[in-house]
>>> print(open('data-v2.csv').read())   # CSV, C-alpha atoms
chain,number,residue,atom,x,y,z
A,2,MET,CA,0.0,0.0,0.0
A,3,GLY,CA,2.9,2.4,0.8
A,4,ALA,CA,4.4,1.8,-2.7
A,5,ARG,CA,1.2,2.8,-4.3
A,6,LYS,CA,1.0,6.1,-2.4
A,7,ILE,CA,4.6,6.9,-3.4
A,8,ALA,CA,3.8,6.1,-7.1
A,9,TYR,CA,0.9,8.6,-7.0
A,10,VAL,CA,3.1,11.3,-5.4
A,11,VAL,CA,6.0,10.7,-7.8
A,12,PHE,CA,4.1,10.3,-11.1
A,13,VAL,CA,0.5,11.6,-10.9
A,14,LEU,CA,0.8,14.6,-8.6
A,15,PRO,CA,3.4,16.4,-10.8
A,16,VAL,CA,1.1,15.9,-13.8
A,17,VAL,CA,-1.9,17.4,-12.0
A,18,ILE,CA,0.1,20.3,-10.7
A,19,SER,CA,1.5,21.0,-14.1
A,20,VAL,CA,-1.9,21.0,-15.7
A,21,ILE,CA,-3.3,23.4,-13.0
A,22,LEU,CA,-0.3,25.8,-13.3
A,23,GLY,CA,-0.3,25.7,-17.1
A,24,GLY,CA,-4.0,26.5,-17.2
A,25,TYR,CA,-3.4,29.4,-14.8
A,26,VAL,CA,-0.6,30.9,-16.8
A,27,LEU,CA,-2.5,30.4,-20.1
A,28,SER,CA,-5.6,32.1,-18.7
A,29,ASN,CA,-3.4,35.1,-17.5
A,30,VAL,CA,-1.8,35.4,-20.9
A,31,LEU,CA,-5.1,35.3,-22.8
A,32,ALA,CA,-6.6,37.9,-20.4
A,33,GLN,CA,-4.2,40.5,-21.7
A,34,PRO,CA,-5.7,42.9,-24.3
A,35,ASP,CA,-5.3,42.0,-28.0
A,36,ARG,CA,-4.2,38.5,-27.2
A,37,GLN,CA,-5.8,35.4,-28.7
A,38,LEU,CA,-5.0,31.7,-28.9
A,39,ASN,CA,-4.0,30.8,-32.5
A,40,PHE,CA,-2.7,27.3,-33.0
A,41,MET,CA,-3.0,27.4,-36.8
A,42,GLN,CA,-0.3,29.8,-37.8
A,43,ILE,CA,0.3,28.3,-41.2
A,44,THR,CA,1.1,30.8,-43.9
A,45,PHE,CA,0.9,29.8,-47.6
A,46,VAL,CA,3.6,31.5,-49.7
A,47,THR,CA,2.4,32.0,-53.3
A,48,PRO,CA,4.9,32.7,-55.9
A,49,PRO,CA,4.6,36.0,-57.8
A,50,SER,CA,2.5,35.8,-61.0
A,51,GLN,CA,4.4,35.6,-64.2
A,52,VAL,CA,3.6,37.2,-67.5
A,53,GLY,CA,5.0,36.0,-70.8
A,54,SER,CA,5.5,32.8,-72.8
A,55,PRO,CA,4.3,29.6,-71.1
A,56,ASP,CA,7.5,27.9,-72.4
A,57,ILE,CA,9.7,29.8,-69.9
A,58,ARG,CA,9.2,30.0,-66.2
A,59,ILE,CA,11.0,31.6,-63.3
A,60,LEU,CA,11.3,29.1,-60.4
A,61,ASN,CA,11.8,29.7,-56.7
A,62,LEU,CA,11.1,33.4,-56.8
A,63,ASN,CA,9.5,34.8,-53.7
A,64,ASN,CA,7.1,37.7,-53.4
A,65,THR,CA,9.2,39.5,-50.8
A,66,TYR,CA,13.0,39.6,-50.0
A,67,SER,CA,14.8,41.3,-47.2
A,68,LEU,CA,17.1,44.2,-47.8
A,69,SER,CA,20.7,43.3,-48.8
A,70,SER,CA,19.9,39.6,-49.2
A,71,PRO,CA,20.6,38.0,-52.5
A,72,ILE,CA,17.6,37.3,-54.8
A,73,SER,CA,17.9,33.6,-55.6
A,74,PHE,CA,15.9,31.9,-58.4
A,75,THR,CA,16.3,29.8,-61.5
A,76,VAL,CA,14.7,29.6,-65.0
A,77,ARG,CA,13.1,26.6,-66.7
A,78,VAL,CA,12.7,26.5,-70.5
A,79,ASN,CA,10.3,23.8,-71.8
A,80,ASP,CA,10.8,24.4,-75.5
A,81,THR,CA,13.8,22.4,-76.9
A,82,ALA,CA,14.0,24.8,-79.9
A,83,PHE,CA,15.9,27.1,-77.6
A,84,ASP,CA,18.4,24.5,-76.5
A,85,CYS,CA,22.0,25.9,-76.6
A,86,GLY,CA,20.6,29.4,-76.9
A,87,ASP,CA,21.5,32.5,-74.8
A,88,LEU,CA,19.7,33.5,-71.6
A,89,TYR,CA,19.5,37.2,-70.6
A,90,MET,CA,18.3,38.2,-67.1
A,91,THR,CA,17.6,41.7,-66.0
A,92,VAL,CA,16.2,43.2,-62.7
A,93,TYR,CA,14.5,46.5,-63.0
A,94,ASN,CA,13.6,49.0,-60.3
A,95,LEU,CA,9.9,49.9,-60.9
A,96,GLY,CA,10.1,52.9,-58.5
A,97,THR,CA,12.1,54.9,-61.1
A,98,GLN,CA,10.7,56.5,-64.2
A,99,PRO,CA,11.7,55.2,-66.7
A,100,LYS,CA,12.4,51.9,-65.0
A,101,GLN,CA,16.2,51.4,-64.5
A,102,ALA,CA,18.1,48.2,-64.6
A,103,VAL,CA,19.8,47.4,-61.3
A,104,ALA,CA,21.3,44.0,-62.2
A,105,GLN,CA,21.7,42.1,-65.4
A,106,ASN,CA,23.7,39.2,-66.8
A,107,ALA,CA,23.9,37.1,-69.9
A,108,TYR,CA,24.5,33.3,-70.1
A,109,PHE,CA,25.6,32.0,-73.5
A,110,SER,CA,25.2,28.5,-75.0
A,111,GLN,CA,22.8,27.2,-72.3
A,112,CYS,CA,22.3,23.6,-73.5
A,113,PHE,CA,19.6,22.3,-71.2
A,114,ALA,CA,17.6,19.7,-73.2
A,115,GLN,CA,19.7,16.6,-72.7
A,116,THR,CA,19.9,17.0,-68.9
A,117,ASN,CA,16.6,18.8,-68.4
A,118,SER,CA,18.5,21.4,-66.3
A,119,THR,CA,17.3,24.7,-64.9
A,120,LEU,CA,19.1,27.8,-66.1
A,121,PRO,CA,21.6,29.3,-65.8
A,122,MET,CA,23.7,26.2,-65.9
A,123,HIS,CA,27.0,26.1,-63.9
A,124,HIS,CA,26.4,29.6,-62.7
A,125,ALA,CA,24.1,31.5,-60.3
A,126,PHE,CA,22.4,34.9,-60.9
A,127,LEU,CA,22.2,36.3,-57.4
A,128,PRO,CA,21.5,40.0,-57.6
A,129,LEU,CA,21.9,42.0,-54.4
A,130,ILE,CA,19.5,44.9,-54.0
A,131,ASN,CA,20.3,47.6,-51.5
A,132,SER,CA,17.2,49.7,-51.5
A,133,THR,CA,13.5,48.9,-50.7
A,134,GLY,CA,10.9,49.0,-53.4
A,135,THR,CA,9.2,47.0,-56.1
A,136,TYR,CA,11.3,45.3,-58.7
A,137,GLN,CA,10.7,43.3,-61.9
A,138,ILE,CA,12.8,40.4,-63.2
A,139,VAL,CA,12.8,39.7,-66.9
A,140,ALA,CA,14.2,36.4,-68.3
A,141,ASP,CA,14.7,36.4,-72.1
A,142,MET,CA,15.9,33.2,-73.9
A,143,LYS,CA,17.1,33.5,-77.6
A,144,ASP,CA,17.6,30.5,-79.8
A,145,LYS,CA,21.0,29.7,-81.4
A,146,SER,CA,20.1,31.6,-84.6
A,147,TYR,CA,18.7,34.7,-82.8
A,148,ARG,CA,15.6,34.5,-84.9
A,149,ASN,CA,13.2,33.5,-82.0
A,150,ASP,CA,13.0,34.4,-78.4
A,151,ILE,CA,10.7,33.8,-75.4
A,152,ASN,CA,10.6,35.8,-72.2
A,153,VAL,CA,8.9,36.0,-68.9
A,154,THR,CA,8.5,38.7,-66.3
A,155,ALA,CA,7.7,38.7,-62.6
A,156,THR,CA,7.4,41.3,-59.9
A,157,PHE,CA,8.7,41.1,-56.3
A,158,ASN,CA,9.3,43.4,-53.4
A,159,VAL,CA,12.4,44.2,-51.3
A,160,GLN,CA,11.7,45.3,-47.7
>>> encode(input="data-v2.csv", output="structure tokens")
Amino acid sequence: MGARKIAYVVFVLPVVISVILGGYVLSNVLAQPDRQLNFMQITFVTPPSQVGSPDIRILNLNNTYSLSSPISFTVRVNDTAFDCGDLYMTVYNLGTQPKQAVAQNAYFSQCFAQTNSTLPMHHAFLPLINSTGTYQIVADMKDKSYRNDINVTATFNVQ
């Protein structure tokens, strides 16, 4: 009988005391103004909308980036007619009139069809933007003969 009382004291009593104290603390926190209990803090990040050819897409681009952090993304081209073509990427500041390029780069002979790779291959375009505002990324892919091109644009913010 004595072992049973010790088991209650050692195992059950701390659980009961924890529940009572936890309830007391939680009720005091929730009694503060503008406080609420919100267990479902799931935020869904939607990528920015893209305008242009459906054969080229900007991947992994976020709606918002923090100041002085590199903008990281890749490009996927679904049309093999542009295999081994040239990719041009430019970031424009939409807060200036006319819009000004703040970063740009060209990647030549991007042969992606055989490996189904994202672009740019073997390189990274990581523009670093040092002022807040709204920006636009333009990805333009030209075929080997420079007779055809496809492009896509997307807008993002820097805060």
>>> residues_around(input="data-v2.csv", residues="Leu62 (chain A)", least_positions_apart="5", cutoff="7 Å", atoms="all atoms listed in the file", output="PyMOL selection string")
chain A and resi 48+73-74
>>> atom_distance(input="data-v2.csv", atom1="CA of Pro99 (chain A)", atom2="CA of Thr135 (chain A)")
13.6 Å
>>> residues_around(input="data-v2.csv", residues="Phe83 (chain A)", least_positions_apart="6", cutoff="9 Å", atoms="all atoms listed in the file", output="PDB file with C-alpha atoms, in the frame of the given file")
ATOM      1  CA  GLN A 111      22.800  27.200 -72.300  1.00  0.00           C
ATOM      2  CA  CYS A 112      22.300  23.600 -73.500  1.00  0.00           C
ATOM      3  CA  PHE A 113      19.600  22.300 -71.200  1.00  0.00           C
ATOM      4  CA  ALA A 114      17.600  19.700 -73.200  1.00  0.00           C
ATOM      5  CA  MET A 142      15.900  33.200 -73.900  1.00  0.00           C
ATOM      6  CA  LYS A 143      17.100  33.500 -77.600  1.00  0.00           C
ATOM      7  CA  ASP A 144      17.600  30.500 -79.800  1.00  0.00           C
ATOM      8  CA  LYS A 145      21.000  29.700 -81.400  1.00  0.00           C
ATOM      9  CA  ASN A 149      13.200  33.500 -82.000  1.00  0.00           C
ATOM     10  CA  ASP A 150      13.000  34.400 -78.400  1.00  0.00           C
ATOM     11  CA  ILE A 151      10.700  33.800 -75.400  1.00  0.00           C
TER      12      ILE A 151
END
>>> residues_around(input="data-v2.csv", residues="Ile130 (chain A)", least_positions_apart="4", cutoff="8 Å", atoms="all atoms listed in the file", output="PDB file with C-alpha atoms, keeping the file's coordinate frame")
ATOM      1  CA  LEU A  68      17.100  44.200 -47.800  1.00  0.00           C
ATOM      2  CA  SER A  69      20.700  43.300 -48.800  1.00  0.00           C
ATOM      3  CA  SER A  70      19.900  39.600 -49.200  1.00  0.00           C
ATOM      4  CA  PRO A  71      20.600  38.000 -52.500  1.00  0.00           C
ATOM      5  CA  ILE A  72      17.600  37.300 -54.800  1.00  0.00           C
ATOM      6  CA  VAL A 103      19.800  47.400 -61.300  1.00  0.00           C
ATOM      7  CA  VAL A 159      12.400  44.200 -51.300  1.00  0.00           C
TER       8      VAL A 159
END
>>> closest_residue(input="data-v2.csv", among="A:Gln51, A:Gln33, A:Thr91, A:Asn158", to="Asp141 (chain A)", atoms="all atoms listed in the file")
A:Thr91
>>> closest_residue(input="data-v2.csv", among="A:Asn106, A:Ser54, A:Thr119, A:Thr47", to="Thr75 (chain A)", atoms="only C-alpha atoms")
A:Thr119
>>> closest_residue(input="data-v2.csv", among="A:Ala107, A:Thr97, A:Pro121, A:Ala155", to="Gly134 (chain A)", atoms="all atoms listed in the file")
A:Thr97
>>> closest_residue(input="data-v2.csv", among="A:Gly96, A:Tyr136, A:Asn152, A:Phe157", to="Asp56 (chain A)", atoms="all atoms listed in the file")
A:Asn152
>>> atom_distance(input="data-v2.csv", atom1="CA of Leu120 (chain A)", atom2="CA of Asp80 (chain A)")
13.0 Å
>>> closest_residue(input="data-v2.csv", among="A:Ser19, A:Gln98, A:Asp35, A:Arg77", to="Pro55 (chain A)", atoms="only C-alpha atoms")
A:Arg77
>>> atom_distance(input="data-v2.csv", atom1="CA of Arg148 (chain A)", atom2="CA of Ser118 (chain A)")
22.9 Å
>>> closest_residue(input="data-v2.csv", among="A:Ser28, A:His123, A:Ser110, A:Ile57", to="Cys85 (chain A)", atoms="all atoms listed in the file")
A:Ser110
>>> decode(input="data-v2.csv", residues="region 58-71 of chain A", atoms="all heavy atoms", output="PDB file, in the first residue's frame")
ATOM      1  N   ARG A  58       9.679  29.748 -67.511  1.00  0.00           N
ATOM      2  CA  ARG A  58       9.159  30.046 -66.184  1.00  0.00           C
ATOM      3  C   ARG A  58      10.311  30.395 -65.256  1.00  0.00           C
ATOM      4  O   ARG A  58      11.405  29.837 -65.362  1.00  0.00           O
ATOM      5  CB  ARG A  58       8.418  28.847 -65.575  1.00  0.00           C
ATOM      6  CG  ARG A  58       7.151  28.491 -66.271  1.00  0.00           C
ATOM      7  CD  ARG A  58       6.013  29.436 -65.909  1.00  0.00           C
ATOM      8  NE  ARG A  58       5.615  30.176 -67.074  1.00  0.00           N
ATOM      9  CZ  ARG A  58       4.932  31.302 -67.086  1.00  0.00           C
ATOM     10  NH1 ARG A  58       4.572  31.872 -65.984  1.00  0.00           N
ATOM     11  NH2 ARG A  58       4.610  31.906 -68.194  1.00  0.00           N
ATOM     12  N   ILE A  59      10.055  31.298 -64.327  1.00  0.00           N
ATOM     13  CA  ILE A  59      11.012  31.618 -63.270  1.00  0.00           C
ATOM     14  C   ILE A  59      10.638  30.770 -62.065  1.00  0.00           C
ATOM     15  O   ILE A  59       9.494  30.801 -61.611  1.00  0.00           O
ATOM     16  CB  ILE A  59      10.984  33.115 -62.923  1.00  0.00           C
ATOM     17  CG1 ILE A  59      11.363  33.936 -64.156  1.00  0.00           C
ATOM     18  CG2 ILE A  59      11.920  33.409 -61.763  1.00  0.00           C
ATOM     19  CD1 ILE A  59      11.202  35.428 -63.974  1.00  0.00           C
ATOM     20  N   LEU A  60      11.591  30.006 -61.554  1.00  0.00           N
ATOM     21  CA  LEU A  60      11.344  29.109 -60.432  1.00  0.00           C
ATOM     22  C   LEU A  60      11.955  29.665 -59.149  1.00  0.00           C
ATOM     23  O   LEU A  60      13.000  30.319 -59.182  1.00  0.00           O
ATOM     24  CB  LEU A  60      11.950  27.730 -60.715  1.00  0.00           C
ATOM     25  CG  LEU A  60      11.537  27.048 -62.021  1.00  0.00           C
ATOM     26  CD1 LEU A  60      12.294  25.739 -62.180  1.00  0.00           C
ATOM     27  CD2 LEU A  60      10.049  26.813 -62.047  1.00  0.00           C
ATOM     28  N   ASN A  61      11.329  29.354 -58.020  1.00  0.00           N
ATOM     29  CA  ASN A  61      11.823  29.674 -56.681  1.00  0.00           C
ATOM     30  C   ASN A  61      11.942  31.175 -56.423  1.00  0.00           C
ATOM     31  O   ASN A  61      12.777  31.595 -55.618  1.00  0.00           O
ATOM     32  CB  ASN A  61      13.173  28.997 -56.419  1.00  0.00           C
ATOM     33  CG  ASN A  61      13.107  27.503 -56.614  1.00  0.00           C
ATOM     34  OD1 ASN A  61      12.122  26.874 -56.255  1.00  0.00           O
ATOM     35  ND2 ASN A  61      14.138  26.943 -57.207  1.00  0.00           N
ATOM     36  N   LEU A  62      11.132  31.977 -57.067  1.00  0.00           N
ATOM     37  CA  LEU A  62      11.116  33.414 -56.821  1.00  0.00           C
ATOM     38  C   LEU A  62      10.048  33.703 -55.776  1.00  0.00           C
ATOM     39  O   LEU A  62       8.913  33.246 -55.901  1.00  0.00           O
ATOM     40  CB  LEU A  62      10.824  34.187 -58.110  1.00  0.00           C
ATOM     41  CG  LEU A  62      10.866  35.701 -58.015  1.00  0.00           C
ATOM     42  CD1 LEU A  62      12.298  36.169 -57.757  1.00  0.00           C
ATOM     43  CD2 LEU A  62      10.344  36.339 -59.295  1.00  0.00           C
ATOM     44  N   ASN A  63      10.398  34.453 -54.743  1.00  0.00           N
ATOM     45  CA  ASN A  63       9.467  34.806 -53.676  1.00  0.00           C
ATOM     46  C   ASN A  63       8.815  36.149 -53.964  1.00  0.00           C
ATOM     47  O   ASN A  63       9.315  36.935 -54.770  1.00  0.00           O
ATOM     48  CB  ASN A  63      10.185  34.859 -52.338  1.00  0.00           C
ATOM     49  CG  ASN A  63      10.749  33.524 -51.934  1.00  0.00           C
ATOM     50  OD1 ASN A  63      10.186  32.478 -52.259  1.00  0.00           O
ATOM     51  ND2 ASN A  63      11.871  33.534 -51.254  1.00  0.00           N
ATOM     52  N   ASN A  64       7.724  36.431 -53.270  1.00  0.00           N
ATOM     53  CA  ASN A  64       7.064  37.728 -53.393  1.00  0.00           C
ATOM     54  C   ASN A  64       7.866  38.829 -52.727  1.00  0.00           C
ATOM     55  O   ASN A  64       7.863  39.962 -53.175  1.00  0.00           O
ATOM     56  CB  ASN A  64       5.665  37.685 -52.755  1.00  0.00           C
ATOM     57  CG  ASN A  64       4.653  37.030 -53.656  1.00  0.00           C
ATOM     58  OD1 ASN A  64       4.676  37.216 -54.859  1.00  0.00           O
ATOM     59  ND2 ASN A  64       3.765  36.255 -53.074  1.00  0.00           N
ATOM     60  N   THR A  65       8.548  38.488 -51.616  1.00  0.00           N
ATOM     61  CA  THR A  65       9.247  39.491 -50.823  1.00  0.00           C
ATOM     62  C   THR A  65      10.616  38.979 -50.428  1.00  0.00           C
ATOM     63  O   THR A  65      10.771  37.813 -50.059  1.00  0.00           O
ATOM     64  CB  THR A  65       8.435  39.817 -49.553  1.00  0.00           C
ATOM     65  OG1 THR A  65       7.114  40.208 -49.942  1.00  0.00           O
ATOM     66  CG2 THR A  65       9.065  40.943 -48.770  1.00  0.00           C
ATOM     67  N   TYR A  66      11.585  39.868 -50.485  1.00  0.00           N
ATOM     68  CA  TYR A  66      12.951  39.597 -50.025  1.00  0.00           C
ATOM     69  C   TYR A  66      13.355  40.671 -49.035  1.00  0.00           C
ATOM     70  O   TYR A  66      12.866  41.804 -49.108  1.00  0.00           O
ATOM     71  CB  TYR A  66      13.934  39.586 -51.197  1.00  0.00           C
ATOM     72  CG  TYR A  66      13.769  38.401 -52.105  1.00  0.00           C
ATOM     73  CD1 TYR A  66      12.931  38.454 -53.215  1.00  0.00           C
ATOM     74  CD2 TYR A  66      14.444  37.214 -51.862  1.00  0.00           C
ATOM     75  CE1 TYR A  66      12.777  37.368 -54.046  1.00  0.00           C
ATOM     76  CE2 TYR A  66      14.287  36.122 -52.692  1.00  0.00           C
ATOM     77  CZ  TYR A  66      13.453  36.207 -53.777  1.00  0.00           C
ATOM     78  OH  TYR A  66      13.299  35.127 -54.596  1.00  0.00           O
ATOM     79  N   SER A  67      14.263  40.332 -48.146  1.00  0.00           N
ATOM     80  CA  SER A  67      14.754  41.323 -47.196  1.00  0.00           C
ATOM     81  C   SER A  67      15.886  42.120 -47.835  1.00  0.00           C
ATOM     82  O   SER A  67      16.558  41.661 -48.755  1.00  0.00           O
ATOM     83  CB  SER A  67      15.211  40.662 -45.896  1.00  0.00           C
ATOM     84  OG  SER A  67      16.257  39.761 -46.162  1.00  0.00           O
ATOM     85  N   LEU A  68      16.065  43.297 -47.320  1.00  0.00           N
ATOM     86  CA  LEU A  68      17.081  44.213 -47.834  1.00  0.00           C
ATOM     87  C   LEU A  68      18.467  43.593 -47.709  1.00  0.00           C
ATOM     88  O   LEU A  68      18.787  42.975 -46.700  1.00  0.00           O
ATOM     89  CB  LEU A  68      17.012  45.521 -47.043  1.00  0.00           C
ATOM     90  CG  LEU A  68      17.723  46.727 -47.605  1.00  0.00           C
ATOM     91  CD1 LEU A  68      17.119  47.122 -48.942  1.00  0.00           C
ATOM     92  CD2 LEU A  68      17.611  47.882 -46.639  1.00  0.00           C
ATOM     93  N   SER A  69      19.260  43.719 -48.712  1.00  0.00           N
ATOM     94  CA  SER A  69      20.652  43.256 -48.771  1.00  0.00           C
ATOM     95  C   SER A  69      20.802  41.738 -48.703  1.00  0.00           C
ATOM     96  O   SER A  69      21.852  41.244 -48.306  1.00  0.00           O
ATOM     97  CB  SER A  69      21.490  43.915 -47.673  1.00  0.00           C
ATOM     98  OG  SER A  69      21.534  45.299 -47.869  1.00  0.00           O
ATOM     99  N   SER A  70      19.752  41.007 -49.058  1.00  0.00           N
ATOM    100  CA  SER A  70      19.897  39.562 -49.178  1.00  0.00           C
ATOM    101  C   SER A  70      19.802  39.210 -50.655  1.00  0.00           C
ATOM    102  O   SER A  70      19.022  39.807 -51.393  1.00  0.00           O
ATOM    103  CB  SER A  70      18.827  38.819 -48.369  1.00  0.00           C
ATOM    104  OG  SER A  70      17.563  39.013 -48.937  1.00  0.00           O
ATOM    105  N   PRO A  71      20.602  38.261 -51.122  1.00  0.00           N
ATOM    106  CA  PRO A  71      20.599  37.955 -52.550  1.00  0.00           C
ATOM    107  C   PRO A  71      19.262  37.367 -53.015  1.00  0.00           C
ATOM    108  O   PRO A  71      18.628  36.604 -52.297  1.00  0.00           O
ATOM    109  CB  PRO A  71      21.734  36.940 -52.714  1.00  0.00           C
ATOM    110  CG  PRO A  71      22.069  36.477 -51.358  1.00  0.00           C
ATOM    111  CD  PRO A  71      21.556  37.466 -50.375  1.00  0.00           C
TER     112      PRO A  71
END
